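See below for run23.cif, which holds mmCIF, C-alpha atoms and all ligand atoms.
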data_run
loop_
_atom_site.label_atom_id
_atom_site.label_comp_id
_atom_site.auth_asym_id
_atom_site.auth_seq_id
_atom_site.Cartn_x
_atom_site.Cartn_y
_atom_site.Cartn_z
CA MET A 26 -22.91 -14.88 47.59
CA LYS A 27 -25.13 -17.81 46.64
CA ILE A 28 -24.95 -19.19 43.13
CA ALA A 29 -27.18 -21.92 41.67
CA ILE A 30 -26.27 -23.75 38.48
CA SER A 31 -28.97 -25.04 36.21
CA GLY A 32 -29.69 -26.02 32.61
CA LYS A 33 -30.80 -28.87 30.39
CA GLY A 34 -29.73 -32.44 31.17
CA GLY A 35 -26.19 -33.26 30.13
CA VAL A 36 -25.10 -29.74 29.12
CA GLY A 37 -22.28 -29.78 31.68
CA LYS A 38 -23.80 -28.36 34.88
CA THR A 39 -21.74 -30.60 37.16
CA THR A 40 -18.58 -30.02 35.13
CA ILE A 41 -19.07 -26.24 35.22
CA ALA A 42 -20.14 -26.26 38.89
CA SER A 43 -17.08 -28.22 40.01
CA ALA A 44 -14.72 -25.94 38.06
CA LEU A 45 -16.43 -22.85 39.46
CA ILE A 46 -16.20 -24.27 42.99
CA LYS A 47 -12.50 -24.97 42.51
CA SER A 48 -11.88 -21.50 41.11
CA PHE A 49 -13.70 -19.82 44.05
CA ALA A 50 -11.77 -22.07 46.45
CA GLU A 51 -8.60 -20.38 45.16
CA THR A 52 -9.75 -16.91 46.16
CA HIS A 53 -12.26 -17.41 48.96
CA GLN A 54 -11.81 -18.82 52.41
CA THR A 55 -14.76 -21.20 52.34
CA VAL A 56 -16.87 -22.52 49.48
CA TYR A 57 -20.04 -24.41 50.31
CA ALA A 58 -20.64 -26.90 47.51
CA ILE A 59 -24.18 -28.22 47.47
CA ASP A 60 -25.23 -31.11 45.28
CA GLY A 61 -28.92 -30.50 44.67
CA ASP A 62 -29.17 -33.23 42.07
CA PRO A 63 -30.69 -36.52 43.30
CA ASP A 64 -28.41 -38.37 40.87
CA ALA A 65 -25.52 -36.93 42.74
CA CYS A 66 -22.09 -36.83 41.15
CA LEU A 67 -20.65 -33.50 42.19
CA ALA A 68 -18.57 -35.13 44.94
CA ALA A 69 -16.62 -37.20 42.42
CA ALA A 70 -16.13 -34.18 40.17
CA LEU A 71 -14.61 -32.33 43.14
CA GLY A 72 -12.18 -35.16 43.82
CA ILE A 73 -13.82 -36.46 46.99
CA PRO A 74 -12.86 -40.15 47.13
CA PRO A 75 -15.79 -42.54 46.50
CA GLU A 76 -15.35 -44.29 49.86
CA GLU A 77 -15.66 -40.90 51.56
CA SER A 78 -18.58 -39.66 49.51
CA ALA A 79 -20.47 -42.92 50.16
CA LYS A 80 -20.48 -41.90 53.82
CA ILE A 81 -21.93 -38.44 53.22
CA LYS A 82 -25.54 -38.70 54.22
CA PRO A 83 -28.01 -36.69 52.16
CA VAL A 84 -29.58 -33.87 54.13
CA VAL A 85 -33.13 -35.11 53.40
CA GLU A 86 -32.36 -38.41 55.09
CA MET A 87 -31.41 -36.76 58.31
CA GLY A 88 -35.02 -36.84 59.43
CA ASP A 89 -34.35 -37.04 63.16
CA LYS A 90 -31.82 -34.28 63.09
CA ILE A 91 -34.18 -32.12 61.06
CA LYS A 92 -36.99 -32.83 63.53
CA SER A 93 -34.84 -31.91 66.49
CA ILE A 94 -34.00 -28.58 64.91
CA SER A 95 -37.30 -27.68 63.26
CA GLY A 96 -39.70 -29.07 65.88
CA GLY A 97 -40.96 -32.64 66.05
CA GLY A 98 -44.75 -32.41 66.02
CA ALA A 99 -47.27 -31.86 63.28
CA PHE A 100 -46.28 -28.22 63.41
CA TYR A 101 -42.81 -27.20 62.60
CA THR A 102 -41.09 -23.91 62.70
CA LEU A 103 -40.83 -22.16 59.38
CA ASN A 104 -37.57 -20.58 60.37
CA PRO A 105 -35.44 -23.20 62.04
CA THR A 106 -32.14 -21.74 63.09
CA LEU A 107 -28.97 -23.62 62.47
CA ASP A 108 -25.87 -22.87 64.38
CA ASP A 109 -22.37 -23.57 63.13
CA ARG A 110 -22.24 -26.83 65.01
CA SER A 111 -25.35 -28.17 63.26
CA LEU A 112 -23.90 -27.11 59.96
CA GLU A 113 -20.78 -29.13 60.61
CA GLU A 114 -22.90 -32.27 60.82
CA PHE A 115 -24.28 -31.74 57.35
CA ALA A 116 -21.12 -30.66 55.62
CA TYR A 117 -18.18 -32.81 54.59
CA ARG A 118 -14.89 -30.93 54.64
CA HIS A 119 -12.68 -31.21 51.60
CA ARG A 120 -9.87 -28.68 51.91
CA ASN A 121 -11.66 -25.32 52.08
CA ILE A 122 -14.72 -26.76 50.37
CA ARG A 123 -17.67 -27.85 52.52
CA PHE A 124 -19.72 -30.33 50.62
CA MET A 125 -23.40 -31.10 51.20
CA ARG A 126 -25.71 -33.47 49.41
CA MET A 127 -29.40 -32.70 49.31
CA GLY A 128 -30.78 -36.09 48.30
CA ASP A 129 -34.10 -36.63 46.60
CA VAL A 130 -36.80 -34.57 48.21
CA LYS A 131 -39.55 -36.23 46.18
CA LYS A 132 -38.43 -39.82 46.61
CA GLY A 133 -41.06 -42.10 48.08
CA GLY A 134 -44.05 -41.02 46.00
CA SER A 135 -46.75 -38.85 47.46
CA GLN A 136 -45.40 -38.48 50.97
CA CYS A 137 -45.15 -34.85 51.96
CA TYR A 138 -41.67 -33.56 52.35
CA CYS A 139 -42.72 -30.10 53.42
CA ARG A 140 -40.62 -30.29 56.54
CA GLU A 141 -37.53 -31.33 54.61
CA ASN A 142 -38.17 -28.69 51.98
CA THR A 143 -38.53 -26.01 54.60
CA PHE A 144 -35.39 -27.26 56.21
CA LEU A 145 -33.39 -27.22 52.99
CA GLN A 146 -34.57 -23.71 52.33
CA ALA A 147 -33.50 -22.72 55.82
CA LEU A 148 -30.19 -24.45 55.38
CA VAL A 149 -29.37 -22.43 52.29
CA SER A 150 -30.61 -19.15 53.68
CA THR A 151 -28.96 -19.75 57.06
CA LEU A 152 -25.59 -19.76 55.48
CA LEU A 153 -25.21 -16.11 56.32
CA LEU A 154 -22.09 -15.56 54.45
CA ASP A 155 -18.99 -13.60 55.18
CA LYS A 156 -17.48 -11.64 52.34
CA ASP A 157 -15.03 -14.47 52.03
CA GLU A 158 -17.55 -17.26 51.61
CA VAL A 159 -19.64 -18.44 48.71
CA VAL A 160 -22.30 -21.11 48.17
CA ILE A 161 -22.48 -22.94 44.85
CA MET A 162 -25.34 -25.35 44.18
CA ASP A 163 -25.47 -27.85 41.34
CA MET A 164 -29.21 -28.12 40.65
CA GLY A 165 -30.81 -31.05 38.90
CA ALA A 166 -31.55 -30.95 35.20
CA GLY A 167 -34.42 -28.93 33.79
CA ILE A 168 -36.83 -26.67 35.57
CA GLU A 169 -38.59 -29.09 37.89
CA HIS A 170 -36.11 -28.53 40.72
CA LEU A 171 -36.44 -24.80 40.55
CA SER A 172 -39.80 -24.87 42.26
CA ARG A 173 -38.04 -26.09 45.36
CA GLY A 174 -37.49 -23.69 48.16
CA THR A 175 -33.78 -24.24 47.79
CA ALA A 176 -33.70 -21.81 44.87
CA ARG A 177 -34.80 -19.02 47.19
CA GLY A 178 -32.10 -16.90 48.70
CA VAL A 179 -30.01 -17.43 45.59
CA ASP A 180 -28.28 -14.27 44.30
CA LEU A 181 -27.25 -15.59 40.92
CA MET A 182 -28.64 -18.31 38.69
CA LEU A 183 -26.02 -19.50 36.25
CA VAL A 184 -27.62 -21.34 33.34
CA VAL A 185 -25.35 -23.64 31.37
CA VAL A 186 -26.09 -24.00 27.65
CA GLU A 187 -24.50 -25.97 24.87
CA PRO A 188 -24.81 -24.97 21.22
CA SER A 189 -28.25 -26.49 20.62
CA MET A 190 -31.75 -25.06 20.29
CA ASN A 191 -33.03 -27.45 22.95
CA SER A 192 -30.59 -26.30 25.55
CA VAL A 193 -31.33 -22.65 24.73
CA ASN A 194 -35.08 -23.34 25.10
CA THR A 195 -34.51 -24.94 28.49
CA ALA A 196 -32.40 -21.95 29.47
CA MET A 197 -35.29 -19.62 28.56
CA ASN A 198 -37.65 -21.64 30.80
CA VAL A 199 -35.11 -21.64 33.61
CA LYS A 200 -34.73 -17.87 33.26
CA ARG A 201 -38.48 -17.35 33.46
CA MET A 202 -38.86 -19.56 36.52
CA ALA A 203 -35.83 -18.11 38.24
CA ALA A 204 -37.22 -14.60 37.70
CA ASP A 205 -40.59 -15.75 39.13
CA LEU A 206 -38.78 -17.06 42.18
CA GLY A 207 -37.26 -13.64 42.66
CA ILE A 208 -33.70 -14.51 41.74
CA GLY A 209 -32.21 -11.14 40.89
CA ARG A 210 -29.44 -12.05 38.54
CA ILE A 211 -29.59 -14.69 35.81
CA ARG A 212 -26.54 -15.29 33.64
CA VAL A 213 -25.43 -17.86 31.09
CA VAL A 214 -22.27 -19.88 30.48
CA GLY A 215 -21.85 -21.37 27.01
CA ASN A 216 -20.25 -24.82 27.18
CA LYS A 217 -18.87 -27.41 24.72
CA VAL A 218 -18.23 -24.74 22.10
CA ARG A 219 -16.32 -26.12 19.11
CA SER A 220 -16.35 -23.29 16.60
CA GLU A 221 -16.92 -19.59 16.14
CA ARG A 222 -20.29 -20.40 14.61
CA GLU A 223 -21.33 -22.26 17.78
CA ARG A 224 -20.13 -19.39 19.96
CA GLU A 225 -22.14 -16.92 17.87
CA PHE A 226 -25.23 -19.13 18.06
CA ILE A 227 -25.14 -18.92 21.86
CA GLU A 228 -24.28 -15.23 21.88
CA LYS A 229 -27.21 -14.34 19.62
CA SER A 230 -29.64 -16.42 21.67
CA PHE A 231 -29.27 -14.13 24.70
CA GLN A 232 -29.23 -10.46 25.61
CA PRO A 233 -25.94 -8.57 25.35
CA GLY A 234 -23.94 -9.08 28.52
CA GLU A 235 -25.98 -12.06 29.65
CA VAL A 236 -23.38 -14.66 28.63
CA LEU A 237 -20.49 -14.51 31.11
CA GLY A 238 -18.19 -16.84 29.24
CA TYR A 239 -17.68 -19.61 26.73
CA ILE A 240 -16.00 -22.91 27.58
CA SER A 241 -14.57 -24.81 24.64
CA PHE A 242 -15.34 -28.44 23.99
CA SER A 243 -12.36 -30.26 25.47
CA SER A 244 -11.43 -33.82 24.63
CA ASP A 245 -9.64 -33.97 28.01
CA VAL A 246 -12.88 -33.22 29.82
CA TRP A 247 -14.86 -35.57 27.59
CA GLU A 248 -12.46 -38.49 27.93
CA ASN A 249 -12.06 -37.90 31.64
CA SER A 250 -15.70 -38.90 32.16
CA MET A 251 -14.68 -42.50 31.42
CA GLU A 252 -12.54 -42.47 34.56
CA PRO A 253 -14.03 -43.77 37.80
CA ASP A 254 -12.85 -40.59 39.53
CA SER A 255 -14.32 -37.87 37.35
CA ALA A 256 -12.32 -35.03 38.94
CA CYS A 257 -10.64 -33.38 36.02
CA ALA A 258 -7.52 -31.29 36.31
CA CYS A 259 -8.27 -29.73 32.95
CA MET A 260 -6.49 -26.40 33.03
CA GLU A 261 -8.38 -24.87 30.14
CA LEU A 262 -11.71 -25.45 31.87
CA LEU A 263 -10.41 -24.05 35.16
CA GLU A 264 -8.91 -21.05 33.40
CA GLY A 265 -12.23 -20.36 31.63
CA MET A 266 -14.12 -20.57 34.92
CA ARG A 267 -11.63 -18.23 36.65
CA GLU A 268 -12.64 -15.61 34.09
CA VAL A 269 -16.31 -16.32 34.80
CA ARG A 270 -15.59 -15.99 38.55
CA GLU A 271 -14.00 -12.57 37.99
CA LYS A 272 -17.03 -11.39 35.98
CA ILE A 273 -19.39 -12.65 38.69
CA LEU A 274 -17.40 -10.83 41.36
CA GLY A 275 -17.11 -7.70 39.23
CA GLU A 276 -20.88 -7.54 38.71
CA ALA A 277 -21.49 -8.15 42.41
CA GLY A 278 -19.19 -5.30 43.36
CA GLY A 279 -16.28 -7.52 44.34
CA SER A 280 -17.96 -9.30 47.27
N1 LIG B 301 -16.47 -28.41 27.96
C1 LIG B 301 -16.66 -29.73 27.80
N2 LIG B 301 -15.95 -30.41 26.87
C2 LIG B 301 -16.12 -31.73 26.67
N3 LIG B 301 -16.98 -32.48 27.35
C3 LIG B 301 -17.73 -31.87 28.31
C4 LIG B 301 -17.60 -30.47 28.59
N4 LIG B 301 -18.45 -30.17 29.60
C5 LIG B 301 -19.05 -31.32 29.95
N5 LIG B 301 -18.63 -32.35 29.17
C6 LIG B 301 -19.06 -33.75 29.23
O1 LIG B 301 -20.45 -33.81 29.02
C7 LIG B 301 -21.02 -34.85 29.82
C8 LIG B 301 -22.10 -34.28 30.71
O2 LIG B 301 -21.49 -33.37 31.62
P1 LIG B 301 -22.10 -33.14 33.08
O3 LIG B 301 -22.29 -34.41 33.80
O4 LIG B 301 -21.26 -32.08 33.72
O5 LIG B 301 -23.51 -32.56 32.67
P2 LIG B 301 -24.78 -32.27 33.60
O6 LIG B 301 -25.49 -31.12 32.97
O7 LIG B 301 -24.35 -32.12 35.02
O8 LIG B 301 -25.61 -33.61 33.42
P3 LIG B 301 -26.89 -34.07 34.24
O9 LIG B 301 -28.04 -33.29 33.67
O10 LIG B 301 -26.97 -35.52 33.96
O11 LIG B 301 -26.62 -33.74 35.70
C9 LIG B 301 -19.87 -35.46 30.61
O12 LIG B 301 -19.43 -36.61 29.92
C10 LIG B 301 -18.80 -34.38 30.59
O13 LIG B 301 -17.50 -34.90 30.67
MG MG B 302 -25.00 -33.13 36.77
#

Encoded form using structure tokens:
Amino acid sequence: MKIAISGKGGVGKTTIASALIKSFAETHQTVYAIDGDPDACLAAALGIPPEESAKIKPVVEMGDKIKSISGGGAFYTLNPTLDDRSLEEFAYRHRNIRFMRMGDVKKGGSQCYCRENTFLQALVSTLLLDKDEVVIMDMGAGIEHLSRGTARGVDLMLVVVEPSMNSVNTAMNVKRMAADLGIGRIRVVGNKVRSEREREFIEKSFQPGEVLGYISFSSDVWENSMEPDSACACMELLEGMREVREKILGEAGGS
């Protein structure tokens, strides 16, 4: 199963993504964790040491490798095939999590990154997954990143919202774009909820059944972001995301 996480800036996408990755790592053999945000910080949230994550090269900067796989000339294959060995080169192993960083596809102004985009798309869709594997992508903020090919092949778009009209509006745009991109299932996680009124606000903003769970505002999580290593062993957050994991699996028929 491939899950992409999206939502307005600062709502808690990386926090939610890292907790979901950790919760799937408890039940699944391999979790591919993909940082699709150019301002990458998922590695730190997963507890990958900074000196290690500094060495993880973004996929978009692996130009030569991409060329050798997708064809070097002006024409490139639209369906480059990646074997397991190639995958190893792009993925950093952290326990049973395989971490990949996309990098900034648009960096460098007007230069065309079609080849890289095609490659990223192939990378995500090549991860032909066993029942026991899952891909979780932390997308950048807003809807801009959704136009990327990387959103294709995604089974579930999880939109994170906080109790604010702005974040609900962004979620509506994300939902629309995700549906246009053919993503079958779009669900919501309410985050930073501090009261029953805030929970109800989120609940009423969406269709019945659309919100898979509510994560309370946690001062542990909040204060943890002052630490250089932002990996948070906040049990409440993990527990909340285990419930979300079970709902995701239940809806997908247990796969
Ligand atoms: N449930 C929560 N309780 C308290 N603080 C939270 C919670 N979830 C996230 N935060 C805090 O909110 C801030 C933003 O979280 P995070 O970086 O996960 O958001 P993001 O959506 O990934 O942001 P960006 O759009 O910049 O990528 C962080 O300081 C984080 O610690
Ligand atoms: Mg983030």

(request) Excluding region 44-51 of chain A and residues on its chain fewer than 5 positions from it, collect all residues at most 6 Å away from it, counting only C-alpha atoms, and give them as a list in words. (result)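 Once the nearby chain positions are removed, what remains is Val56, Leu263, Met266 and Arg267 of chain A.
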
Write out as a Markdown table a residue-level contact list of chain A versus ligand LIG 301 (chain B) with cut-off 6 Å: for each qualifying residue the closest pair of atoms and the distance in Å to one decimal, counting only C-alpha atoms and all ligand atoms, rows sorted by chain and residue number upward.
| residue | atom | partner | partner_atom | distance |
| --- | --- | --- | --- | --- |
| A:Gly34 | CA | B:LIG301 | O9 | 3.1 |
| A:Gly35 | CA | B:LIG301 | O8 | 3.4 |
| A:Val36 | CA | B:LIG301 | O6 | 4.1 |
| A:Gly37 | CA | B:LIG301 | O5 | 3.2 |
| A:Lys38 | CA | B:LIG301 | O6 | 3.8 |
| A:Thr39 | CA | B:LIG301 | O7 | 3.7 |
| A:Thr40 | CA | B:LIG301 | O4 | 3.7 |
| A:Gly165 | CA | B:LIG301 | O11 | 5.9 |
| A:Ala166 | CA | B:LIG301 | O9 | 4.5 |
| A:Asn216 | CA | B:LIG301 | N1 | 5.3 |
| A:Lys217 | CA | B:LIG301 | N1 | 4.2 |
| A:Ile240 | CA | B:LIG301 | N1 | 5.5 |
| A:Ser241 | CA | B:LIG301 | N1 | 5.3 |
| A:Phe242 | CA | B:LIG301 | N2 | 3.5 |
| A:Ser243 | CA | B:LIG301 | N2 | 3.9 |
| A:Ser244 | CA | B:LIG301 | C2 | 5.5 |
| A:Val246 | CA | B:LIG301 | C2 | 4.8 |
| A:Trp247 | CA | B:LIG301 | N3 | 3.8 |
| A:Ser250 | CA | B:LIG301 | O13 | 4.6 |

With ligand MG 302 (chain B) as the partner and 12 Å as the cut-off, tabulate the residues of chain A that qualify, each row holding the nearest pair of atoms and their distance in Å to one decimal, using only C-alpha atoms and all ligand atoms, sorted by chain and rising number, as a Markdown table.
| residue | atom | partner | partner_atom | distance |
| --- | --- | --- | --- | --- |
| A:Ile30 | CA | B:MG302 | MG | 9.6 |
| A:Ser31 | CA | B:MG302 | MG | 9.0 |
| A:Gly32 | CA | B:MG302 | MG | 9.5 |
| A:Lys33 | CA | B:MG302 | MG | 9.6 |
| A:Gly34 | CA | B:MG302 | MG | 7.4 |
| A:Gly35 | CA | B:MG302 | MG | 6.7 |
| A:Val36 | CA | B:MG302 | MG | 8.4 |
| A:Gly37 | CA | B:MG302 | MG | 6.7 |
| A:Lys38 | CA | B:MG302 | MG | 5.3 |
| A:Thr39 | CA | B:MG302 | MG | 4.1 |
| A:Thr40 | CA | B:MG302 | MG | 7.3 |
| A:Ile41 | CA | B:MG302 | MG | 9.2 |
| A:Ala42 | CA | B:MG302 | MG | 8.7 |
| A:Ser43 | CA | B:MG302 | MG | 9.9 |
| A:Ile59 | CA | B:MG302 | MG | 11.8 |
| A:Asp60 | CA | B:MG302 | MG | 8.7 |
| A:Gly61 | CA | B:MG302 | MG | 9.2 |
| A:Asp62 | CA | B:MG302 | MG | 6.7 |
| A:Pro63 | CA | B:MG302 | MG | 9.3 |
| A:Asp64 | CA | B:MG302 | MG | 7.5 |
| A:Ala65 | CA | B:MG302 | MG | 7.1 |
| A:Cys66 | CA | B:MG302 | MG | 6.4 |
| A:Leu67 | CA | B:MG302 | MG | 7.0 |
| A:Ala68 | CA | B:MG302 | MG | 10.6 |
| A:Ala69 | CA | B:MG302 | MG | 10.9 |
| A:Ala70 | CA | B:MG302 | MG | 9.6 |
| A:Met162 | CA | B:MG302 | MG | 10.7 |
| A:Asp163 | CA | B:MG302 | MG | 7.0 |
| A:Met164 | CA | B:MG302 | MG | 7.6 |
| A:Gly165 | CA | B:MG302 | MG | 6.5 |
| A:Ala166 | CA | B:MG302 | MG | 7.1 |
| A:Gly167 | CA | B:MG302 | MG | 10.7 |
| A:Val185 | CA | B:MG302 | MG | 10.9 |
| A:Ser250 | CA | B:MG302 | MG | 11.9 |
| A:Ser255 | CA | B:MG302 | MG | 11.7 |

Output C-alpha atoms for every residue in the selection just made, as a compact mmCIF listing (two decimals), keeping the file's coordinate frame.
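What landed in selection.txt:
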# COMPACT_ATOMS: atom_id res chain seq x y z
CA ILE A 30 -26.27 -23.75 38.48
CA SER A 31 -28.97 -25.04 36.21
CA GLY A 32 -29.69 -26.02 32.61
CA LYS A 33 -30.80 -28.87 30.39
CA GLY A 34 -29.73 -32.44 31.17
CA GLY A 35 -26.19 -33.26 30.13
CA VAL A 36 -25.10 -29.74 29.12
CA GLY A 37 -22.28 -29.78 31.68
CA LYS A 38 -23.80 -28.36 34.88
CA THR A 39 -21.74 -30.60 37.16
CA THR A 40 -18.58 -30.02 35.13
CA ILE A 41 -19.07 -26.24 35.22
CA ALA A 42 -20.14 -26.26 38.89
CA SER A 43 -17.08 -28.22 40.01
CA ILE A 59 -24.18 -28.22 47.47
CA ASP A 60 -25.23 -31.11 45.28
CA GLY A 61 -28.92 -30.50 44.67
CA ASP A 62 -29.17 -33.23 42.07
CA PRO A 63 -30.69 -36.52 43.30
CA ASP A 64 -28.41 -38.37 40.87
CA ALA A 65 -25.52 -36.93 42.74
CA CYS A 66 -22.09 -36.83 41.15
CA LEU A 67 -20.65 -33.50 42.19
CA ALA A 68 -18.57 -35.13 44.94
CA ALA A 69 -16.62 -37.20 42.42
CA ALA A 70 -16.13 -34.18 40.17
CA MET A 162 -25.34 -25.35 44.18
CA ASP A 163 -25.47 -27.85 41.34
CA MET A 164 -29.21 -28.12 40.65
CA GLY A 165 -30.81 -31.05 38.90
CA ALA A 166 -31.55 -30.95 35.20
CA GLY A 167 -34.42 -28.93 33.79
CA VAL A 185 -25.35 -23.64 31.37
CA SER A 250 -15.70 -38.90 32.16
CA SER A 255 -14.32 -37.87 37.35

(request) Report the distance between CA of Val186 (chain A) and CA of Lys200 (chain A) in Å, rounded to one decimal place. (result)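 CA of Val186 (chain A) sits 12.0 Å away from CA of Lys200 (chain A).
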
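Between CA of Ala256 (chain A) and CA of Ile73 (chain A) the separation is 8.3 Å.
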
(message) What's the separation between CA of Val159 (chain A) and CA of Leu71 (chain A), in Å to one decimal place?
(response)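 Spanning CA of Val159 (chain A) to CA of Leu71 (chain A) is a straight-line distance of 15.8 Å.
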
(message) Using only C-alpha atoms for the distances, tell me which of A:Tyr57, A:Phe231, A:Phe226, A:Tyr239 is nearest to Ile122 (chain A).
(response)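 Among the listed residues, A:Tyr57 lies closest to Ile122 (chain A).
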
Region 207-221 of chain A, all listed atoms, 4 Å padding on each side: what axis-aligned box centre and edge lengths in Å to one decimal come out, as lines of an AutoDock Vina configuration file?
center_x = -26.8
center_y = -19.3
center_z = 29.4
size_x = 28.9
size_y = 24.3
size_z = 34.5
